file target_18.cif (mmCIF, C-alpha atoms)
data_start
#
loop_
_atom_site.group_PDB
_atom_site.id
_atom_site.type_symbol
_atom_site.label_atom_id
_atom_site.label_comp_id
_atom_site.auth_asym_id
_atom_site.auth_seq_id
_atom_site.Cartn_x
_atom_site.Cartn_y
_atom_site.Cartn_z
ATOM 1 C CA MET O 21 17.561 37.984 -42.631
ATOM 2 C CA LEU O 22 17.123 34.283 -43.248
ATOM 3 C CA SER O 23 18.500 32.787 -46.413
ATOM 4 C CA LEU O 24 16.346 30.793 -48.796
ATOM 5 C CA PRO O 25 17.627 27.377 -47.550
ATOM 6 C CA ASP O 26 16.939 28.433 -43.953
ATOM 7 C CA ILE O 27 13.385 29.460 -44.860
ATOM 8 C CA LEU O 28 12.797 26.144 -46.640
ATOM 9 C CA ASN O 29 14.137 24.174 -43.685
ATOM 10 C CA LEU O 30 11.927 26.154 -41.322
ATOM 11 C CA CYS O 31 8.837 25.546 -43.465
ATOM 12 C CA LEU O 32 9.667 21.832 -43.669
ATOM 13 C CA ALA O 33 10.073 21.586 -39.898
ATOM 14 C CA LEU O 34 6.754 23.363 -39.293
ATOM 15 C CA THR O 35 5.023 21.102 -41.818
ATOM 16 C CA ILE O 36 6.358 17.978 -40.102
ATOM 17 C CA LEU O 37 5.292 19.350 -36.724
ATOM 18 C CA VAL O 38 1.738 20.010 -37.966
ATOM 19 C CA LEU O 39 1.492 16.590 -39.611
ATOM 20 C CA GLU O 40 2.758 14.854 -36.467
ATOM 21 C CA SER O 41 0.252 16.706 -34.269
ATOM 22 C CA THR O 42 -2.571 15.868 -36.675
ATOM 23 C CA ALA O 43 -1.559 12.202 -36.727
ATOM 24 C CA ARG O 44 -1.500 12.078 -32.922
ATOM 25 C CA VAL O 45 -4.975 13.594 -32.695
ATOM 26 C CA LEU O 46 -6.387 11.224 -35.321
ATOM 27 C CA ALA O 47 -4.779 8.221 -33.603
ATOM 28 C CA ALA O 48 -6.231 9.255 -30.236
ATOM 29 C CA VAL O 49 -9.715 9.694 -31.738
ATOM 30 C CA ILE O 50 -9.561 6.350 -33.559
ATOM 31 C CA VAL O 51 -8.409 4.502 -30.427
ATOM 32 C CA VAL O 52 -11.282 5.948 -28.382
ATOM 33 C CA PHE O 53 -13.905 4.551 -30.760
ATOM 34 C CA LEU O 54 -12.239 1.199 -31.419
ATOM 35 C CA PRO O 55 -13.708 -1.797 -29.544
ATOM 36 C CA THR O 56 -11.426 -3.126 -26.817
ATOM 37 C CA PRO O 57 -10.725 -6.505 -28.539
ATOM 38 C CA LEU O 58 -9.805 -4.783 -31.797
ATOM 39 C CA ARG O 59 -7.609 -2.293 -29.947
ATOM 40 C CA ARG O 60 -5.718 -5.147 -28.285
ATOM 41 C CA VAL O 61 -5.192 -6.902 -31.629
ATOM 42 C CA LEU O 62 -3.926 -3.656 -33.152
ATOM 43 C CA ASN O 63 -1.522 -3.096 -30.248
ATOM 44 C CA ARG O 64 -0.191 -6.624 -30.619
ATOM 45 C CA VAL O 65 0.311 -6.250 -34.377
ATOM 46 C CA ILE O 66 2.152 -2.960 -33.927
ATOM 47 C CA SER O 67 4.259 -4.494 -31.164
ATOM 48 C CA ASP O 68 5.213 -7.434 -33.404
ATOM 49 C CA VAL O 69 6.193 -5.076 -36.228
ATOM 50 C CA VAL O 70 8.354 -2.972 -33.923
ATOM 51 C CA VAL O 71 10.018 -6.039 -32.410
ATOM 52 C CA ARG O 72 10.672 -7.537 -35.857
ATOM 53 C CA PHE O 73 12.220 -4.274 -37.012
ATOM 54 C CA GLN O 74 14.429 -4.087 -33.916
ATOM 55 C CA MET O 75 15.616 -7.688 -34.161
ATOM 56 C CA GLU O 76 16.138 -7.782 -37.943
ATOM 57 C CA GLY O 77 19.742 -8.583 -38.713
ATOM 58 C CA ARG O 78 20.722 -8.626 -35.036
ATOM 59 C CA PRO O 79 20.924 -11.403 -32.426
ATOM 60 C CA ALA O 80 18.265 -11.445 -29.727
ATOM 61 C CA SER O 81 20.904 -10.644 -27.131
ATOM 62 C CA SER O 82 21.446 -7.232 -28.717
ATOM 63 C CA VAL O 83 17.816 -6.198 -28.258
ATOM 64 C CA ARG O 84 16.988 -4.570 -24.967
ATOM 65 C CA GLY O 85 19.379 -6.460 -22.732
ATOM 66 C CA GLY O 86 18.960 -9.880 -24.308
ATOM 67 C CA GLU O 87 15.150 -10.093 -24.156
ATOM 68 C CA THR O 88 13.421 -12.474 -26.523
ATOM 69 C CA LYS O 89 10.408 -11.608 -28.637
ATOM 70 C CA GLU O 90 8.026 -13.146 -26.100
ATOM 71 C CA GLN O 91 9.665 -11.260 -23.244
ATOM 72 C CA ARG O 92 9.480 -8.043 -25.203
ATOM 73 C CA ARG O 93 5.784 -8.566 -25.873
ATOM 74 C CA LYS O 94 5.039 -8.618 -22.136
ATOM 75 C CA PHE O 95 5.803 -4.911 -21.976
ATOM 76 C CA ASP O 96 2.853 -4.242 -24.296
ATOM 77 C CA MET O 97 0.300 -6.354 -22.428
ATOM 78 C CA ASP O 98 -2.350 -4.915 -20.154
ATOM 79 C CA ALA O 99 -3.290 -6.457 -16.816
ATOM 80 C CA GLU O 100 -5.871 -8.858 -18.211
ATOM 81 C CA GLU O 101 -3.517 -10.085 -20.925
ATOM 82 C CA LEU O 102 -0.726 -10.594 -18.386
ATOM 83 C CA ILE O 103 -3.075 -12.709 -16.262
ATOM 84 C CA THR O 104 -4.539 -14.836 -19.053
ATOM 85 C CA SER O 105 -1.130 -15.333 -20.707
ATOM 86 C CA ARG O 106 -0.152 -17.291 -17.562
ATOM 87 C CA ARG O 107 -3.344 -19.401 -17.951
ATOM 88 C CA TYR O 108 -5.126 -17.834 -14.985
ATOM 89 C CA PRO O 109 -8.783 -16.762 -15.240
ATOM 90 C CA SER O 110 -9.373 -13.021 -15.289
ATOM 91 C CA GLU O 111 -12.331 -10.706 -14.811
ATOM 92 C CA GLU O 112 -12.530 -6.976 -15.485
ATOM 93 C CA HIS O 113 -14.802 -4.802 -13.323
ATOM 94 C CA VAL O 114 -15.520 -1.073 -13.581
ATOM 95 C CA ILE O 115 -16.426 0.928 -10.474
ATOM 96 C CA GLN O 116 -17.684 4.498 -10.270
ATOM 97 C CA THR O 117 -16.548 6.528 -7.262
ATOM 98 C CA PRO O 118 -18.937 8.924 -5.490
ATOM 99 C CA ASP O 119 -17.203 11.887 -7.165
ATOM 100 C CA GLY O 120 -17.470 10.460 -10.676
ATOM 101 C CA TYR O 121 -14.204 8.647 -11.475
ATOM 102 C CA PHE O 122 -14.372 5.279 -13.240
ATOM 103 C CA LEU O 123 -11.880 2.740 -11.899
ATOM 104 C CA THR O 124 -11.149 -0.555 -13.631
ATOM 105 C CA ILE O 125 -10.139 -3.345 -11.277
ATOM 106 C CA PHE O 126 -9.232 -6.946 -12.064
ATOM 107 C CA ARG O 127 -10.107 -10.231 -10.420
ATOM 108 C CA ILE O 128 -8.350 -13.590 -10.398
ATOM 109 C CA PRO O 129 -11.180 -15.766 -9.030
ATOM 110 C CA ARG O 130 -9.136 -18.958 -8.741
ATOM 111 C CA GLY O 131 -5.758 -20.487 -9.397
ATOM 112 C CA ARG O 132 -4.647 -22.503 -12.374
ATOM 113 C CA ARG O 133 -5.191 -25.791 -10.564
ATOM 114 C CA THR O 134 -8.616 -24.860 -9.183
ATOM 115 C CA SER O 135 -11.708 -25.971 -11.071
ATOM 116 C CA PRO O 136 -14.550 -23.431 -11.573
ATOM 117 C CA GLY O 137 -16.933 -23.490 -8.631
ATOM 118 C CA SER O 138 -14.392 -25.100 -6.326
ATOM 119 C CA GLY O 139 -13.609 -23.269 -3.145
ATOM 120 C CA THR O 140 -10.109 -24.658 -2.627
ATOM 121 C CA ALA O 141 -7.044 -25.198 -4.730
ATOM 122 C CA SER O 142 -5.780 -28.646 -5.580
ATOM 123 C CA ASP O 143 -2.613 -27.737 -3.660
ATOM 124 C CA PRO O 144 -4.057 -25.999 -0.579
ATOM 125 C CA ASP O 145 -0.882 -26.231 1.498
ATOM 126 C CA ARG O 146 1.251 -24.273 -0.919
ATOM 127 C CA ASN O 147 3.490 -21.892 1.055
ATOM 128 C CA GLY O 148 1.413 -22.588 4.157
ATOM 129 C CA MET O 149 -1.459 -20.428 2.887
ATOM 130 C CA SER O 150 -4.163 -22.945 3.805
ATOM 131 C CA GLU O 151 -3.861 -22.055 7.488
ATOM 132 C CA VAL O 152 -4.288 -18.357 6.702
ATOM 133 C CA SER O 153 -7.317 -19.092 4.554
ATOM 134 C CA SER O 154 -8.909 -21.237 7.263
ATOM 135 C CA ALA O 155 -8.424 -18.574 9.909
ATOM 136 C CA TRP O 156 -9.883 -15.971 7.583
ATOM 137 C CA SER O 157 -13.093 -17.878 6.858
ATOM 138 C CA ASP O 158 -15.214 -17.739 9.993
ATOM 139 C CA GLU O 159 -18.001 -20.152 10.924
ATOM 140 C CA SER O 160 -20.759 -17.881 9.672
ATOM 141 C CA GLN O 161 -19.275 -17.885 6.188
ATOM 142 C CA SER O 162 -19.080 -21.667 6.180
ATOM 143 C CA GLU O 163 -22.708 -21.988 7.275
ATOM 144 C CA ALA O 164 -23.852 -19.529 4.636
ATOM 145 C CA SER O 165 -21.908 -21.389 1.953
ATOM 146 C CA ALA O 166 -23.761 -24.583 2.796
ATOM 147 C CA THR O 167 -27.171 -22.961 2.333
ATOM 148 C CA ALA O 168 -26.401 -20.722 -0.665
ATOM 149 C CA SER O 169 -27.507 -21.512 -4.175
ATOM 150 C CA PRO O 170 -25.032 -23.455 -6.379
ATOM 151 C CA ASP O 171 -24.985 -20.653 -8.971
ATOM 152 C CA HIS O 172 -23.919 -18.069 -6.414
ATOM 153 C CA ILE O 173 -21.285 -20.364 -4.952
ATOM 154 C CA SER O 174 -19.891 -20.968 -8.432
ATOM 155 C CA ARG O 175 -19.781 -17.257 -9.177
ATOM 156 C CA ASN O 176 -18.178 -16.153 -5.920
ATOM 157 C CA SER O 177 -16.252 -19.346 -5.088
ATOM 158 C CA CYS O 178 -16.824 -18.731 -1.327
ATOM 159 C CA LYS O 179 -13.149 -17.873 -0.953
ATOM 160 C CA PRO O 180 -11.675 -15.178 1.272
ATOM 161 C CA PRO O 181 -11.233 -12.099 -0.939
ATOM 162 C CA VAL O 182 -7.985 -10.148 -0.838
ATOM 163 C CA LEU O 183 -7.346 -6.764 -2.460
ATOM 164 C CA LEU O 184 -3.863 -5.824 -3.694
ATOM 165 C CA MET O 185 -3.219 -2.075 -4.106
ATOM 166 C CA HIS O 186 -0.296 -0.727 -6.106
ATOM 167 C CA GLY O 187 2.183 2.013 -5.253
ATOM 168 C CA PHE O 188 2.868 5.553 -6.485
ATOM 169 C CA LEU O 189 2.753 6.021 -10.293
ATOM 170 C CA GLU O 190 1.938 2.331 -10.733
ATOM 171 C CA ASN O 191 -1.137 0.255 -11.533
ATOM 172 C CA ALA O 192 -2.430 -3.296 -11.123
ATOM 173 C CA GLU O 193 0.022 -4.641 -13.691
ATOM 174 C CA VAL O 194 2.874 -4.580 -11.150
ATOM 175 C CA TRP O 195 1.267 -7.509 -9.278
ATOM 176 C CA VAL O 196 1.023 -9.781 -12.345
ATOM 177 C CA ALA O 197 4.104 -8.759 -14.358
ATOM 178 C CA PRO O 198 6.479 -11.217 -12.571
ATOM 179 C CA GLU O 199 6.398 -14.938 -13.200
ATOM 180 C CA PRO O 200 3.693 -16.824 -11.236
ATOM 181 C CA SER O 201 6.207 -18.229 -8.763
ATOM 182 C CA GLN O 202 7.318 -14.671 -7.918
ATOM 183 C CA SER O 203 3.941 -12.928 -8.065
ATOM 184 C CA LEU O 204 1.954 -12.454 -4.863
ATOM 185 C CA ALA O 205 -1.287 -12.266 -6.857
ATOM 186 C CA PHE O 206 -0.762 -15.655 -8.495
ATOM 187 C CA ILE O 207 0.562 -17.266 -5.308
ATOM 188 C CA LEU O 208 -2.556 -16.160 -3.409
ATOM 189 C CA ALA O 209 -4.848 -17.365 -6.218
ATOM 190 C CA ASP O 210 -3.206 -20.801 -6.233
ATOM 191 C CA ALA O 211 -3.500 -20.913 -2.429
ATOM 192 C CA GLY O 212 -7.288 -20.567 -2.625
ATOM 193 C CA PHE O 213 -7.873 -16.831 -2.280
ATOM 194 C CA ASP O 214 -10.199 -14.668 -4.374
ATOM 195 C CA VAL O 215 -7.685 -12.087 -5.622
ATOM 196 C CA TRP O 216 -8.637 -8.542 -6.634
ATOM 197 C CA LEU O 217 -6.230 -6.001 -8.138
ATOM 198 C CA GLY O 218 -7.141 -2.387 -7.409
ATOM 199 C CA ASN O 219 -6.431 0.830 -9.300
ATOM 200 C CA VAL O 220 -6.807 4.463 -8.273
ATOM 201 C CA ARG O 221 -7.782 7.589 -10.189
ATOM 202 C CA GLY O 222 -5.231 9.051 -12.560
ATOM 203 C CA CYS O 223 -3.463 5.799 -13.398
ATOM 204 C CA LYS O 224 -3.839 3.849 -16.627
ATOM 205 C CA TYR O 225 -7.013 2.163 -15.373
ATOM 206 C CA GLY O 226 -8.501 5.236 -13.693
ATOM 207 C CA TYR O 227 -8.431 7.598 -16.636
ATOM 208 C CA ARG O 228 -12.131 8.336 -17.068
ATOM 209 C CA HIS O 229 -14.594 10.642 -15.354
ATOM 210 C CA ARG O 230 -18.344 11.014 -15.559
ATOM 211 C CA GLN O 231 -18.081 14.723 -16.390
ATOM 212 C CA TYR O 232 -14.474 15.912 -16.892
ATOM 213 C CA ARG O 233 -12.035 15.273 -19.721
ATOM 214 C CA THR O 234 -8.530 14.103 -18.897
ATOM 215 C CA ASN O 235 -7.038 17.313 -20.309
ATOM 216 C CA SER O 236 -9.070 19.492 -17.942
ATOM 217 C CA TYR O 237 -7.863 20.989 -14.679
ATOM 218 C CA GLU O 238 -10.894 19.608 -12.839
ATOM 219 C CA PHE O 239 -9.994 16.001 -13.701
ATOM 220 C CA TRP O 240 -6.577 16.280 -12.042
ATOM 221 C CA LYS O 241 -7.762 18.241 -9.017
ATOM 222 C CA PHE O 242 -7.222 15.408 -6.543
ATOM 223 C CA GLY O 243 -4.605 13.935 -4.244
ATOM 224 C CA LEU O 244 -4.066 11.103 -1.806
ATOM 225 C CA ASP O 245 -6.934 12.417 0.321
ATOM 226 C CA GLU O 246 -9.493 11.753 -2.423
ATOM 227 C CA MET O 247 -8.011 8.323 -3.140
ATOM 228 C CA ALA O 248 -8.368 7.390 0.538
ATOM 229 C CA LEU O 249 -11.813 8.963 0.956
ATOM 230 C CA TYR O 250 -13.439 7.768 -2.283
ATOM 231 C CA ASP O 251 -11.408 5.249 -4.297
ATOM 232 C CA LEU O 252 -10.475 2.754 -1.583
ATOM 233 C CA PRO O 253 -13.932 2.584 0.095
ATOM 234 C CA ALA O 254 -15.655 2.227 -3.294
ATOM 235 C CA ILE O 255 -13.409 -0.669 -4.297
ATOM 236 C CA VAL O 256 -13.691 -2.477 -0.949
ATOM 237 C CA ARG O 257 -17.475 -2.018 -0.879
ATOM 238 C CA TYR O 258 -17.782 -3.410 -4.416
ATOM 239 C CA ILE O 259 -15.688 -6.472 -3.566
ATOM 240 C CA GLN O 260 -17.650 -7.041 -0.373
ATOM 241 C CA GLU O 261 -20.987 -6.883 -2.187
ATOM 242 C CA ARG O 262 -19.736 -9.159 -4.925
ATOM 243 C CA CYS O 263 -18.301 -11.803 -2.617
ATOM 244 C CA THR O 264 -20.916 -11.924 0.159
ATOM 245 C CA VAL O 265 -23.069 -15.034 -0.176
ATOM 246 C CA PRO O 266 -26.864 -14.597 0.149
ATOM 247 C CA GLY O 267 -28.064 -15.713 3.561
ATOM 248 C CA GLN O 268 -24.731 -15.001 5.210
ATOM 249 C CA PRO O 269 -25.314 -13.390 8.653
ATOM 250 C CA GLU O 270 -22.608 -10.774 8.115
ATOM 251 C CA PRO O 271 -20.900 -9.410 4.985
ATOM 252 C CA VAL O 272 -17.579 -10.991 4.119
ATOM 253 C CA ARG O 273 -14.523 -9.007 5.183
ATOM 254 C CA VAL O 274 -11.798 -8.187 2.672
ATOM 255 C CA GLY O 275 -8.091 -8.738 3.162
ATOM 256 C CA TYR O 276 -5.911 -5.832 2.075
ATOM 257 C CA VAL O 277 -2.305 -5.801 0.907
ATOM 258 C CA GLY O 278 -0.878 -2.405 0.029
ATOM 259 C CA PHE O 279 2.484 -1.387 -1.352
ATOM 260 C CA SER O 280 3.940 2.072 -0.628
ATOM 261 C CA GLN O 281 1.170 4.482 -1.693
ATOM 262 C CA GLY O 282 -1.280 1.628 -1.259
ATOM 263 C CA THR O 283 -0.373 1.486 2.425
ATOM 264 C CA ALA O 284 -0.756 5.267 2.798
ATOM 265 C CA LEU O 285 -4.304 5.041 1.447
ATOM 266 C CA ALA O 286 -5.160 2.366 3.988
ATOM 267 C CA PHE O 287 -3.531 4.193 6.901
ATOM 268 C CA ALA O 288 -5.572 7.284 6.046
ATOM 269 C CA GLY O 289 -8.825 5.569 5.141
ATOM 270 C CA LEU O 290 -8.921 3.150 8.045
ATOM 271 C CA SER O 291 -8.153 5.879 10.577
ATOM 272 C CA ILE O 292 -11.075 8.106 9.574
ATOM 273 C CA ASP O 293 -13.671 5.691 8.167
ATOM 274 C CA GLU O 294 -14.998 3.269 10.778
ATOM 275 C CA ASN O 295 -17.190 1.469 8.237
ATOM 276 C CA LEU O 296 -14.187 0.853 6.011
ATOM 277 C CA ALA O 297 -12.177 -0.434 8.966
ATOM 278 C CA ASN O 298 -14.941 -2.927 9.778
ATOM 279 C CA GLN O 299 -14.852 -4.197 6.182
ATOM 280 C CA ILE O 300 -11.150 -5.083 6.317
ATOM 281 C CA ALA O 301 -10.173 -8.484 7.752
ATOM 282 C CA VAL O 302 -6.411 -7.949 7.749
ATOM 283 C CA PHE O 303 -4.127 -5.159 6.547
ATOM 284 C CA VAL O 304 -0.641 -6.047 5.280
ATOM 285 C CA ALA O 305 1.641 -3.045 4.644
ATOM 286 C CA LEU O 306 4.526 -3.620 2.223
ATOM 287 C CA ALA O 307 7.096 -0.787 2.230
ATOM 288 C CA PRO O 308 4.704 1.295 4.365
ATOM 289 C CA SER O 309 4.489 5.004 3.629
ATOM 290 C CA THR O 310 3.055 7.412 6.190
ATOM 291 C CA ARG O 311 4.670 10.738 5.315
ATOM 292 C CA VAL O 312 5.470 12.538 2.057
ATOM 293 C CA HIS O 313 8.645 14.661 2.140
ATOM 294 C CA GLY O 314 9.245 17.626 -0.112
#
call {"tool": "encode", "arguments": {"input": "target_18.cif", "output": "structure tokens"}}
result
Amino acid sequence: MLSLPDILNLCLALTILVLESTARVLAAVIVVFLPTPLRRVLNRVISDVVVRFQMEGRPASSVRGGETKEQRRKFDMDAEELITSRRYPSEEHVIQTPDGYFLTIFRIPRGRRTSPGSGTASDPDRNGMSEVSSAWSDESQSEASATASPDHISRNSCKPPVLLMHGFLENAEVWVAPEPSQSLAFILADAGFDVWLGNVRGCKYGYRHRQYRTNSYEFWKFGLDEMALYDLPAIVRYIQERCTVPGQPEPVRVGYVGFSQGTALAFAGLSIDENLANQIAVFVALAPSTRVHG
């Protein structure tokens, strides 16, 4: 039989457990209904409080391997904040897949040294990317750009679009977390490309469905097959429609750079979907993955 102190300790532990669960539920409900700007401000305030508490009375070198407050804050930024914090323009787009998943993708329409509406960067020869860009843009695109309306040219920049797809258990943030000189996304944007950062279902930016809740079995009933069959074609089609200039004889083709899982999606999708293959201008496979062991 339990003693009185043991019973009190057990009741206290159960009470704390119930209060913690209730607080988690209330926090989740509040976050759902908060506007995105307010949610970002709240996250930043909480992050500052946590960092201040960690660094109080201790040198910066003792906090998480010598990271400063600004470095620590990067871990709490989302993709758009990571992009804009480096003074690059950012756009957020939401796509619905044929089977009902909502995917948020991000766009870096130009580099830091490119003026809005300009089709080339002020430093077009950076890293030799100008030659790649010229080869990508065929004559039909150039002719269409000359006859398109100024508003459409300003919106789409008439640049060759390139889609970057993340790896397993990652999201678009991996492309913009490094410093601009070490980030492929920023390097391509400065070189004159129209950069798009993709996300697949189940990741941080693919956590909504038209019908199913995230805690339901139906929401998680998917695999790489569905990502290749639905997510990748939906994203590429959206980019193609967004970037094709009116009057252009043929739709613009999208460049694709995949990392690990991102390459597996392309290998699968391009091998079974002829329309998707015709929409891709070039496929670059980083750490290519073609087989899953285990």
call {"tool": "resolve_selection", "arguments": {"input": "target_18.cif", "expression": "the PyMOL selection byres ((chain O and resi 106) around 10)", "output": "list in words"}}
result
Glu101, Leu102, Ile103, Thr104, Ser105, Arg107, Tyr108, Pro109, Arg132, Val196, Glu199, Pro200 and Phe206 of chain O
call {"tool": "resolve_selection", "arguments": {"input": "target_18.cif", "expression": "the PyMOL selection byres ((chain O and resi 305-308) around 9)", "output": "list in words"}}
result
Tyr276, Val277, Gly278, Phe279, Ser280, Gln281, Gly282, Thr283, Ala284, Ala286, Phe303, Val304, Ser309 and Thr310 of chain O
call {"tool": "residues_around", "arguments": {"input": "target_18.cif", "residues": "range 217-221 of chain O", "least_positions_apart": "2", "cutoff": "8 Å", "atoms": "all atoms listed in the file", "output": "list in words"}}
result
Tyr121, Phe122, Leu123, Thr124, Ile125, Phe126, Arg127, Leu183, Leu184, Met185, His186, Asn191, Ala192, Trp195, Val215, Cys223, Tyr225, Gly226, Tyr227, Met247, Asp251, Leu252 and Ile255 of chain O
call {"tool": "write_last_selection", "arguments": {"input": "target_18.cif", "atoms": "C-alpha atoms", "output": "PDB file, keeping the file's coordinate frame"}}
result
ATOM      1  CA  TYR O 121     -14.204   8.647 -11.475  1.00  0.00           C
ATOM      2  CA  PHE O 122     -14.372   5.279 -13.240  1.00  0.00           C
ATOM      3  CA  LEU O 123     -11.880   2.740 -11.899  1.00  0.00           C
ATOM      4  CA  THR O 124     -11.149  -0.555 -13.631  1.00  0.00           C
ATOM      5  CA  ILE O 125     -10.139  -3.345 -11.277  1.00  0.00           C
ATOM      6  CA  PHE O 126      -9.232  -6.946 -12.064  1.00  0.00           C
ATOM      7  CA  ARG O 127     -10.107 -10.231 -10.420  1.00  0.00           C
ATOM      8  CA  LEU O 183      -7.346  -6.764  -2.460  1.00  0.00           C
ATOM      9  CA  LEU O 184      -3.863  -5.824  -3.694  1.00  0.00           C
ATOM     10  CA  MET O 185      -3.219  -2.075  -4.106  1.00  0.00           C
ATOM     11  CA  HIS O 186      -0.296  -0.727  -6.106  1.00  0.00           C
ATOM     12  CA  ASN O 191      -1.137   0.255 -11.533  1.00  0.00           C
ATOM     13  CA  ALA O 192      -2.430  -3.296 -11.123  1.00  0.00           C
ATOM     14  CA  TRP O 195       1.267  -7.509  -9.278  1.00  0.00           C
ATOM     15  CA  VAL O 215      -7.685 -12.087  -5.622  1.00  0.00           C
ATOM     16  CA  CYS O 223      -3.463   5.799 -13.398  1.00  0.00           C
ATOM     17  CA  TYR O 225      -7.013   2.163 -15.373  1.00  0.00           C
ATOM     18  CA  GLY O 226      -8.501   5.236 -13.693  1.00  0.00           C
ATOM     19  CA  TYR O 227      -8.431   7.598 -16.636  1.00  0.00           C
ATOM     20  CA  MET O 247      -8.011   8.323  -3.140  1.00  0.00           C
ATOM     21  CA  ASP O 251     -11.408   5.249  -4.297  1.00  0.00           C
ATOM     22  CA  LEU O 252     -10.475   2.754  -1.583  1.00  0.00           C
ATOM     23  CA  ILE O 255     -13.409  -0.669  -4.297  1.00  0.00           C
TER      24      ILE O 255
END
call {"tool": "resolve_selection", "arguments": {"input": "target_18.cif", "expression": "the PyMOL selection byres ((chain O and resi 261) around 12)", "output": "PyMOL selection string"}}
result
chain O and resi 176+181+254-260+262-266+268+270-274+299
call {"tool": "write_last_selection", "arguments": {"input": "target_18.cif", "atoms": "C-alpha atoms", "output": "compact mmCIF listing (two decimals), keeping the file's coordinate frame"}}
result
# COMPACT_ATOMS: atom_id res chain seq x y z
CA ASN O 176 -18.18 -16.15 -5.92
CA PRO O 181 -11.23 -12.10 -0.94
CA ALA O 254 -15.66 2.23 -3.29
CA ILE O 255 -13.41 -0.67 -4.30
CA VAL O 256 -13.69 -2.48 -0.95
CA ARG O 257 -17.48 -2.02 -0.88
CA TYR O 258 -17.78 -3.41 -4.42
CA ILE O 259 -15.69 -6.47 -3.57
CA GLN O 260 -17.65 -7.04 -0.37
CA ARG O 262 -19.74 -9.16 -4.92
CA CYS O 263 -18.30 -11.80 -2.62
CA THR O 264 -20.92 -11.92 0.16
CA VAL O 265 -23.07 -15.03 -0.18
CA PRO O 266 -26.86 -14.60 0.15
CA GLN O 268 -24.73 -15.00 5.21
CA GLU O 270 -22.61 -10.77 8.12
CA PRO O 271 -20.90 -9.41 4.99
CA VAL O 272 -17.58 -10.99 4.12
CA ARG O 273 -14.52 -9.01 5.18
CA VAL O 274 -11.80 -8.19 2.67
CA GLN O 299 -14.85 -4.20 6.18
call {"tool": "residues_around", "arguments": {"input": "target_18.cif", "residues": "range 289-295 of chain O", "least_positions_apart": "2", "cutoff": "8 Å", "atoms": "all atoms listed in the file", "output": "JSON, numbers by chain"}}
result
{"O": [248, 249, 252, 253, 285, 286, 287, 297, 298, 299]}
call {"tool": "atom_distance", "arguments": {"input": "target_18.cif", "atom1": "CA of Thr117 in chain O", "atom2": "CA of Ala48 in chain O"}}
result
25.3 Å
call {"tool": "closest_residue", "arguments": {"input": "target_18.cif", "among": "O:Ala33, O:Ile27, O:Lys224, O:Ile115", "to": "Leu189 in chain O", "atoms": "all atoms listed in the file"}}
result
O:Lys224
call {"tool": "atom_distance", "arguments": {"input": "target_18.cif", "atom1": "CA of Asp245 in chain O", "atom2": "CA of Arg311 in chain O"}}
result
12.7 Å
call {"tool": "closest_residue", "arguments": {"input": "target_18.cif", "among": "O:Ile207, O:Met97, O:Leu244, O:Leu58", "to": "Glu193 in chain O", "atoms": "all atoms listed in the file"}}
result
O:Met97
call {"tool": "atom_distance", "arguments": {"input": "target_18.cif", "atom1": "CA of Phe242 in chain O", "atom2": "CA of Leu296 in chain O"}}
result
20.4 Å
call {"tool": "axis_aligned_box", "arguments": {"input": "target_18.cif", "around": "range 114-130 of chain O", "padding_each_side": "4 Å", "output": "lines of an AutoDock Vina configuration file"}}
result
center_x = -13.6
center_y = -3.5
center_z = -9.6
size_x = 18.6
size_y = 38.8
size_z = 16.1
call {"tool": "decode", "arguments": {"input": "target_18.cif", "residues": "range 217-224 of chain O", "atoms": "N, CA, C and O atoms", "output": "PDB file, in the first residue's frame"}}
result
ATOM      1  N   LEU O 217      11.788  27.356 -54.384  1.00  0.00           N
ATOM      2  CA  LEU O 217      12.138  26.372 -53.364  1.00  0.00           C
ATOM      3  C   LEU O 217      10.918  25.504 -53.082  1.00  0.00           C
ATOM      4  O   LEU O 217       9.902  25.993 -52.579  1.00  0.00           O
ATOM      5  N   GLY O 218      11.012  24.223 -53.420  1.00  0.00           N
ATOM      6  CA  GLY O 218       9.867  23.329 -53.282  1.00  0.00           C
ATOM      7  C   GLY O 218       9.777  22.679 -51.912  1.00  0.00           C
ATOM      8  O   GLY O 218      10.742  22.622 -51.147  1.00  0.00           O
ATOM      9  N   ASN O 219       8.583  22.174 -51.603  1.00  0.00           N
ATOM     10  CA  ASN O 219       8.325  21.402 -50.395  1.00  0.00           C
ATOM     11  C   ASN O 219       7.339  20.284 -50.732  1.00  0.00           C
ATOM     12  O   ASN O 219       6.474  20.463 -51.596  1.00  0.00           O
ATOM     13  N   VAL O 220       7.462  19.166 -50.046  1.00  0.00           N
ATOM     14  CA  VAL O 220       6.575  18.037 -50.292  1.00  0.00           C
ATOM     15  C   VAL O 220       5.654  17.819 -49.093  1.00  0.00           C
ATOM     16  O   VAL O 220       5.865  18.386 -48.020  1.00  0.00           O
ATOM     17  N   ARG O 221       4.652  17.015 -49.285  1.00  0.00           N
ATOM     18  CA  ARG O 221       3.684  16.704 -48.229  1.00  0.00           C
ATOM     19  C   ARG O 221       4.377  16.100 -47.008  1.00  0.00           C
ATOM     20  O   ARG O 221       5.359  15.375 -47.106  1.00  0.00           O
ATOM     21  N   GLY O 222       3.836  16.449 -45.840  1.00  0.00           N
ATOM     22  CA  GLY O 222       4.356  15.895 -44.602  1.00  0.00           C
ATOM     23  C   GLY O 222       5.441  16.696 -43.940  1.00  0.00           C
ATOM     24  O   GLY O 222       5.690  16.533 -42.744  1.00  0.00           O
ATOM     25  N   CYS O 223       6.095  17.603 -44.686  1.00  0.00           N
ATOM     26  CA  CYS O 223       7.123  18.437 -44.066  1.00  0.00           C
ATOM     27  C   CYS O 223       6.469  19.664 -43.440  1.00  0.00           C
ATOM     28  O   CYS O 223       5.245  19.821 -43.453  1.00  0.00           O
ATOM     29  N   LYS O 224       7.272  20.532 -42.906  1.00  0.00           N
ATOM     30  CA  LYS O 224       6.775  21.723 -42.209  1.00  0.00           C
ATOM     31  C   LYS O 224       5.860  22.568 -43.079  1.00  0.00           C
ATOM     32  O   LYS O 224       4.895  23.165 -42.591  1.00  0.00           O
TER      33      LYS O 224
END
